[in-house]
Each structure stands twice: as C-alpha cells, then as structure tokens.
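To keep things clear, I will list the structure first and then write my remarks on it.
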Amino acid sequence: MNWDIVNIYEVNKLDLNESFSLAKYVSNLSLSNRNSYARKIIIHIYEIWDSVDDNTKEIWSDLAESQGFYPYIKERMDNTSEIRRSFHRSEYIDNIVFHKEQKALSYLIKKKQNLIVSAPTSFGKSLLIEEIVACNKHNNILIIQPTLALINETRLKLKKYKNYNMVVNTSQQVEEKNIFILTAERVIEFPNLPKIDYCVLDEFYKISSYRDDERSDVLNIAIKKILARQDTAFYFIGPNIDKISRGFEKKYNAKFIKTNYSLVDAQVELVNINYKNDGKRKQEMEREEKLFELLYCKKNEQSIVYTSSPDRAFRLATKYYEFLKLNNYLEEEELLPINEWISENINSNWSYNRLLLQKIGVHSGTIPKHLTHSIIQYFNYNKLNVLFCTSTIIEGVNTSAKNVFIFDKKKGPNEIDYFDFSNIKGRAGRLLEHYTGKVYVFHKIPPKTEIELDMPFYDQEKISDEILINFDKEELLPKNIKRYEELIEYDKEFLPIIKKNAVSVEGQKKIINDLYEKIQTQPELVLWTGKPSFKAIKYILGICWDNLLKETETTRPMSRNKLPVVAFKYLNSSSFNEILSQEYIYIKEQNPNWQTQKILDQTISNCYREQRHWISYKVPKWLDVVNSLQKEICKINNISNVGDYSYASSQLENEGVDGNFSILLDMGVPASAIKKIVPMLSEGLSLKEVINISKKIANSSNSNLLQYEKEKLRNL
C-alpha cells in the first residue's frame, strides 16, 4: 500500500499485512529524519490500539520506544528495552515514566542547569515541577504562576509533599523548607522573602512587553529581584516561543530549549459553511447552527469552545442549550453540588444553573474564583461535556479535551495571532487519555510567525519606567541612563514606595502632588480610616483612574464615574444578594422591555464582572498605592492624623471575609463557607491549624454547610 497518499486519520483498523506495511513505512520515515510525521502515525496507532492486529503490536512497541514514547508502551519488552524503560522512570515520583525529552530535561534539572523551555501544551512540562519538589534537595522553591487559579491547582498537586511548608499568601509564616506558590505581585509584596534556591516561572512568555499583558511590568520586576542572586537555579516554561533575547543564556548560564515533541497529536480541520443567506447576522446564525450540530455529534466526547469574550461565551452556551431544547436533545438533568450552592447564594433561575444541569460549562475571568476552579474540576472529571470559554482557558488553567472548537478569531477587541491560535489548539488531546485531538477552526488560520521573546528586565529594549526604576545605574545600557536619571530625580523618601507599588511612576508622582494639595484644602478626602465617605472614595479612585491606568487597558463597560458608585455599594452592602437586588432593579428600569430571564442573567454577569476585575483586584490595589503615598506624606510633614485604607482594601479584595481567613478564598473556598466556619475558628491559628479544623467541621454532621462547601473544605 502507498501510505504517502493515505490520510492516516481515516485508518480505523489494521490487519496483519496493513499493520506490517505501515510499520515498515514508519521505520523508513524515522530513518529519513521525518520523525514528526512518524510520531503522528504512532500516536494514531495507539488511538486505535484495540483494532490493530495483535501479531504486530510488539513491532509498534519497538517503534514507540525508538521515538521515546515510554509512557505509552503496553507490550512486554525484552530485557534491554525494559532496562531503557526503567532508566526513564522518575527518580523521585512513584509510578511515573518520562518520555525521552522529559528525561533529558530532568537530567539537566538535576545538574541545576538553568532552563528556558518552549514546548507544546501536552509535553508534560509541569510534571517536571513536581520532580524538582520531589527530589527534596532545595530549602526554598518559588513557583510563579500567572493566576490565583493556577496557584491553587499547583498547591493541590504538591500538597502531598509534607516535608515542605506550602506558602500561597504574603501573610503566611515561613519555615525551614518552603514552597512559595505566588503571583508576581505577591513576590514583590512578600516581606523578607528568604533566599530562593530554585525558581519556576510558568507561562514565561508573559514577561514580554509585546503580548499586551498589563501585568508584564510586575513580572519583570519580580524576576529581576529573584535572579539578582546568581546562585538561584531556574526553570522557565511555556509554549510556542522560537527565540529569546540574545545573550540571556550566557549571562545567566542558561540553556534555551525549543521542542515540538509531544505524545499527543492535534488534527486541524477548517469548517466550511455553504451559506444559504446573505447578511452578516443571518450568516452568523448559520455558523452557530453548524457549531451546535458538531457539538451534538460529539456529545460523547468532551469539547472546548473558544470565544472572544465572557459575555459571548455565556450567550453562545445559552444558545446551545436552546438548540438542544428545540431539537428535543435535552438529557435527564444531573444535579451537581454547585447547583445547590447557586440556588442558595445567587439565584436558582440563573441560566448558568440550567446549563450545568445539562453538562454545559462556561469558564471566563468574570466568574468567581471558586466557581471557575469547580468548573475545571467538573470538566476534568467528566462531569461536564462542553466548556464554552475565553482566553482564560489558555492563560489560567490546565485542562484539555478531545475536541477544541475555535469559533471566534478575536481575543477581546483584537484578532488572535498565531501564538494565541497555537495555545488554544494545544488544548486538544490529553496525555495518556486522548492520544489524538481534533481542532475545528471556523475562520482563517492566522499566518505563522516566528516569536522572539523580549525580556525587558534583561534586554532593556522596550522597558517601561516601572521596570527601569528598579535598576541600579551601573546595570543600565547607556541609552537608558538619561531617562533613568530623570526618573530618580525625585524625593528620595518616596522612591522606595514608588518602586514597590509597581504601577505608573509618573502617575504616582502626579498623585503625590494632588494629595499634598488635597490635604491642605480637603483633608477628610485623604486622611480617613475604616470605611470612606462616598466623596472620599470618589476622589481616591478618580485620581487613580486618571493616573494609573495603562493606555492599552480595556475599561468598558466600567467608567470613571461609575467605579466609585460600585465600590461604595460593595463597601456598604450587607451581602452580595443585596448588591444583586440593587443591580436588578437598575437594569429593569433601564430596559423595561427585557424579559425577566435576560434581566436576571445580565444582573449577575454585571455584578461578577465588576467584582472579579475591579472590586477584588483593581480597586484594592489602587487603595493600597494611595494609602502608602499618603502615609509617607504624613510622615514627612509630621501629620499625626494619618489615614489608613487597609480595612476598606481588605473588605473589597476578600469579599468581606476577615483578613486572617481570606487565604481560604485563594484556595478555592467560597466566602459563604468561610463566613459559616469563622465563628468556630479562633484568632492566631496557623494556616495548617485552620485547614485541619476546617476539614473537621466539613466532616461534622452538625454543620450547616452545603455539600458543595463541604467538598471545598475537605479538598484544602
């Protein structure tokens, strides 16, 4: 048979002659340096393993071994092969066999070789993080993650290593041996961070100034801080990078490794639609219909649908539900613990609740932290069949599916590039579960471009003021010295604070001037403690809006005038349900013709969007910045009536949970559960004590916790 003209993905069964012929073809591919295609075929063979002639399976195992596919090999091996397979076992993690490139990296890690690894999503890079921990050779390991969701996921994977103290929050105590799992912001904020022996940076591409990530400055500052010690070993990991800044490897004694090696194969298919109608709106309806038909055809396989925004993901998910209902495809509802929690804490009529009952999930950055974590867990445990998502699926979580539908070609207002496309595509297939995945693309694939990653803290090419001010003069390139001198030509008392705040340098200087003036004329707007008046919060957030937002930041639908209203509402409401009720009334008045369901869904969407991005993140950060500046002004000018915004900041950031127990929020526990157990927890408990007592409460038959809340506490 001429295998060159055969579509290997259409081969579903192999008899003796066909299997032997194809095996010979694969062997020749390997000899002619066409290993990537040889690997694709071998992966497909494992996908259809039960339909391959038994007499040839040993041959296929030999071919798999030749490609280093040791985790996949199922047949008995001869002594020599078994020795090679044993060599690829993890030295420190039980029952783990590495593929050949994982093993090569583990050897370099063991030698404390600094590594920057660009590899596919399905490579198994994160398994090597566990290898670093399991070897138990480092006193302090730092793992920098881009999101709180990934911090919690990493914590859960590593909590079995009891010889380490797990630190995920700046309020925790440091012990002799620690694993710090932190965001870049928390690395900077951490008081007296001890010497780091090993640093892991996940999703290292976020360090680039060109990826339009508003947190890239903070990440650069954090990495510069950690790598200032030459004896800190590091392992940077991420996908789809072709080159890094020249000279970085030499300066930091590092090795950049790019590989396309993978034990999972993703087949890409362009979805062609023969439109029956003209007009953008009608054609969009046909696109949606095509998507829903494909999803239903794949109902027995898990699927991820990529969309451009949170609202779009939710709308498309509800439309899919209506498609199922219209065609009598709805299945018997399957109740999950989260449904009861939604009914008690939000509203049982929320469309999100109805979607979950049909195994449809929605994942985006506007949904509460504990809920997004649960959705991923449900999906990974096959409790959900379809996941409608945004770019958070590629930036904030670890999951994958048999099928990925790239329905939109945008990420927010901008078109996705090949880098984003590759990351989304990489969610198709799951190591040791789905050998192959299918990617359905509903638009033109972005042109492939070579990605050379800039590192502003190192190359100083596109370096912001916020990074630059953290340098010493002797570290700078000549072209940046004049700008640096202008930046630091300022009151020396404020410079350390400006540096630590890691937000706009010029913006902070303008805020300082404004605060000086306001303290003279209207001190009550600045020098307040506890809960601020509306005028005070309006003033503080107004100067922050004017001076701290980046030009590239998207603020819609929030506005300068609305933000203080929202923040004041959150500070003075007794519960989240009260906030929902107020928003519901407002939307109903503004849209009298809307149906009740649409009003309810929009109400919840608005409130959660405001809470996640503004109330829990942006506003507390801004309050902390201004708080630090006004305190220094008071110190310099001997003003005794110093303001203190810490209570307001904590209340907003931690959903009203007492600061001592807010760490449980980061661990995926809903505020509702924390507030129920706080009366049973005493002050001054260590995190370990809080966790142990919380688990006992969850296991008690006397608690008033919901099943969902109990599960969250038991999984701490």
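Each chain of the structure tokens is named A, B, ... in the order shown, its residues numbered from 1; ligands are numbered from 1 in display order.
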
Which residues, written as a PyMOL selection string, have at least one atom at most 12 Å from Pro523 (chain A), with only C-alpha atoms counted and residues fewer than 6 positions away on the same chain left out?
chain A and resi 514-517+535-536+539+630+634+639+641-643

Take the residues just selected and output them with C-alpha atoms as a short mmCIF file (atom, residue, chain, number, x, y, z; two decimals), in the first residue's frame.
data_model
loop_
_atom_site.label_atom_id
_atom_site.label_comp_id
_atom_site.auth_asym_id
_atom_site.auth_seq_id
_atom_site.Cartn_x
_atom_site.Cartn_y
_atom_site.Cartn_z
CA ASP A 514 -2.56 66.01 44.19
CA LEU A 515 -2.55 64.52 47.70
CA TYR A 516 -0.38 67.34 49.03
CA GLU A 517 -2.87 69.89 47.72
CA LYS A 535 -16.81 61.76 48.40
CA ALA A 536 -13.56 60.26 49.68
CA TYR A 539 -11.73 61.32 45.00
CA GLN A 630 -0.47 59.47 51.87
CA CYS A 634 2.05 62.48 56.68
CA ILE A 639 0.88 64.99 60.37
CA ASN A 641 -3.95 62.25 61.76
CA VAL A 642 -2.68 59.61 59.31
CA GLY A 643 -5.17 57.82 57.09
#

Any chance you could tabulate, as a tab-separated table, the residues of region 614-666 of chain A at most 10 Å from region 486-496 of chain A with each one's nearest atom pair and distance in Å to one decimal, using only C-alpha atoms, in chain and rising number order?
residue	atom	partner	partner_atom	distance
A:Ser628	CA	A:Phe494	CA	9.4
A:Leu629	CA	A:Phe494	CA	7.6
A:Glu632	CA	A:Phe494	CA	7.2
A:Ile633	CA	A:Phe494	CA	8.8
A:Lys635	CA	A:Glu493	CA	9.9
A:Ile636	CA	A:Glu493	CA	8.3

For the selection just defined, write its residues with N, CA, C and O atoms to a file, as an mmCIF file, in the first residue's frame.
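That gives us result.cif:
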data_model
loop_
_atom_site.group_PDB
_atom_site.id
_atom_site.type_symbol
_atom_site.label_atom_id
_atom_site.label_comp_id
_atom_site.auth_asym_id
_atom_site.auth_seq_id
_atom_site.Cartn_x
_atom_site.Cartn_y
_atom_site.Cartn_z
ATOM 1 N N SER A 628 -0.179 54.042 50.761
ATOM 2 C CA SER A 628 1.261 54.113 51.027
ATOM 3 C C SER A 628 1.801 55.524 50.783
ATOM 4 O O SER A 628 2.669 56.003 51.526
ATOM 5 N N LEU A 629 1.277 56.202 49.777
ATOM 6 C CA LEU A 629 1.757 57.551 49.454
ATOM 7 C C LEU A 629 1.300 58.584 50.473
ATOM 8 O O LEU A 629 2.078 59.442 50.904
ATOM 9 N N GLU A 632 3.284 58.346 53.695
ATOM 10 C CA GLU A 632 4.623 58.947 53.610
ATOM 11 C C GLU A 632 4.543 60.467 53.667
ATOM 12 O O GLU A 632 5.391 61.117 54.304
ATOM 13 N N ILE A 633 3.525 61.032 53.049
ATOM 14 C CA ILE A 633 3.325 62.487 53.112
ATOM 15 C C ILE A 633 3.129 62.917 54.560
ATOM 16 O O ILE A 633 3.714 63.909 55.028
ATOM 17 N N LYS A 635 4.121 61.355 57.232
ATOM 18 C CA LYS A 635 5.372 61.145 57.966
ATOM 19 C C LYS A 635 6.334 62.307 57.734
ATOM 20 O O LYS A 635 6.931 62.838 58.681
ATOM 21 N N ILE A 636 6.481 62.706 56.467
ATOM 22 C CA ILE A 636 7.407 63.791 56.120
ATOM 23 C C ILE A 636 6.969 65.112 56.745
ATOM 24 O O ILE A 636 7.795 65.914 57.193
#

Legend entry - Non-local contacts of Asp197 (chain A) (12 Å; only C-alpha atoms; under 3 positions in same chain excluded) as an MDAnalysis selection string: chainID A and resid 112 114 132:133 136:143 177:180 193:194 200 226:227 229:235

message: Could you pull out the strand (DSSP E) residues of region 118-213 of chain A, going by DSSP on the backbone, and write them as a ChimeraX atom specification?
response: /A:118,140-144,165-167,178-182,198-202

Would you output that residue set with C-alpha atoms, as a PDB file, in the first residue's frame?
ATOM      1  CA  SER A 118       9.421  26.159  24.968  1.00  0.00           C
ATOM      2  CA  ASN A 140      13.102  27.283  49.282  1.00  0.00           C
ATOM      3  CA  ILE A 141      11.355  26.733  45.967  1.00  0.00           C
ATOM      4  CA  LEU A 142       9.466  29.575  44.302  1.00  0.00           C
ATOM      5  CA  ILE A 143       6.807  28.797  41.680  1.00  0.00           C
ATOM      6  CA  ILE A 144       5.464  31.924  39.986  1.00  0.00           C
ATOM      7  CA  ASN A 165       5.595  24.305  54.129  1.00  0.00           C
ATOM      8  CA  MET A 166       3.222  25.477  51.365  1.00  0.00           C
ATOM      9  CA  VAL A 167       3.085  29.296  51.107  1.00  0.00           C
ATOM     10  CA  ASN A 178       9.097  26.156  51.875  1.00  0.00           C
ATOM     11  CA  ILE A 179       7.361  26.021  48.532  1.00  0.00           C
ATOM     12  CA  PHE A 180       6.248  29.536  47.627  1.00  0.00           C
ATOM     13  CA  ILE A 181       3.466  29.451  45.017  1.00  0.00           C
ATOM     14  CA  LEU A 182       2.814  33.102  44.238  1.00  0.00           C
ATOM     15  CA  TYR A 198      15.030  27.176  42.819  1.00  0.00           C
ATOM     16  CA  CYS A 199      12.646  29.380  40.821  1.00  0.00           C
ATOM     17  CA  VAL A 200       9.993  28.068  38.420  1.00  0.00           C
ATOM     18  CA  LEU A 201       8.239  30.534  36.133  1.00  0.00           C
ATOM     19  CA  ASP A 202       5.153  29.153  34.421  1.00  0.00           C
TER      20      ASP A 202
END

ask   = If we count only C-alpha atoms, what is near region 375-384 of chain A at a cut-off of 7 Å, once residues fewer than 5 positions away on the same chain are taken out, given as a ChimeraX atom specification?
value = /A:359-361,399

Using Å and a single decimal, report how far CA of Pro670 (chain A) sits from CA of Leu336 (chain A).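 CA of Leu336 (chain A) sits 15.9 Å away from CA of Pro670 (chain A).
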
Between CA of Leu270 (chain A) and CA of Val441 (chain A) lies a distance of 4.9 Å

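A straight line drawn from CA of Lys402 (chain A) to CA of His434 (chain A) is 6.2 Å long.
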
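The closest residue to Gln302 (chain A), picked from A:Pro620, A:Gly429, A:Gly684, A:Pro679 and counting only C-alpha atoms, is A:Gly429.
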
When you look at Pro239 (chain A) with a cut-off of 7 Å (counting only C-alpha atoms), what residues show up, excluding the ones that are within fewer than 5 positions of it in the same chain? I need them as a PyMOL selection string. chain A and resi 118-121
